[in-house]
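These notes concern the structure reproduced below.
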Amino acid sequence: DPGYHIMPNSFFLNSWGYQLISQGKTKEAVMIFEMMLEDFPNDPNLWDSAGEGYFANGQKDKAVEAFRKSITSPYFYLGLILREVRKTP
């Protein structure tokens, strides 16, 4: 053990989770999304992805909770503000 470990970036893992959903491997997708949320608990995109994973896995209550966390994250609103600012000439 060199004292550190290298993790794939969140974009790769998020894409892999969606790929697993499309293959019907929803349990595995949820595991990927939950693992990512341990490292990035404030990322609204990951909460949204987890919501889709939970929904696909039949966990509707968890899906609603994840979607709620996605849209109530301060980073969600920051992203919306930045998009609007970029539109302004």
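Labels for the structure tokens follow display order: chains A, B, ..., residues from 1 in each chain, ligands from 1.
Using only C-alpha atoms, the contacts of Trp47 of chain A at a cut-off of 7 Å, with sequence neighbours closer than 6 positions omitted, comprise Ala66, Phe67, Lys69 and Ser70 of chain A.
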Segment 20-26 of chain A environment, 12 Å, only C-alpha atoms, sequence neighbours closer than 2 positions dropped, as number ranges by chain: A: 13-18, 28-33, 49-59
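Going from atom CA of Pro41 of chain A over to atom CA of Tyr4 of chain A, you cover 20.7 Å.
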Point-to-point distance in Å for atom CA of Ser10 of chain A and atom CA of Thr72 of chain A: 20.3 Å
Point-to-point distance from atom CA of Ala63 of chain A to atom CA of Glu34 of chain A, Å rounded to tenths: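 About the pair atom CA of Ala63 of chain A and atom CA of Glu34 of chain A: they are 12.1 Å apart.
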Selected residue, from A:Ile71, A:Asn9, A:Glu65, A:Arg86, that lies nearest to Asp39 of chain A when counting only C-alpha atoms: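 Using only C-alpha atoms, Asp39 of chain A sits closest to A:Asn9.
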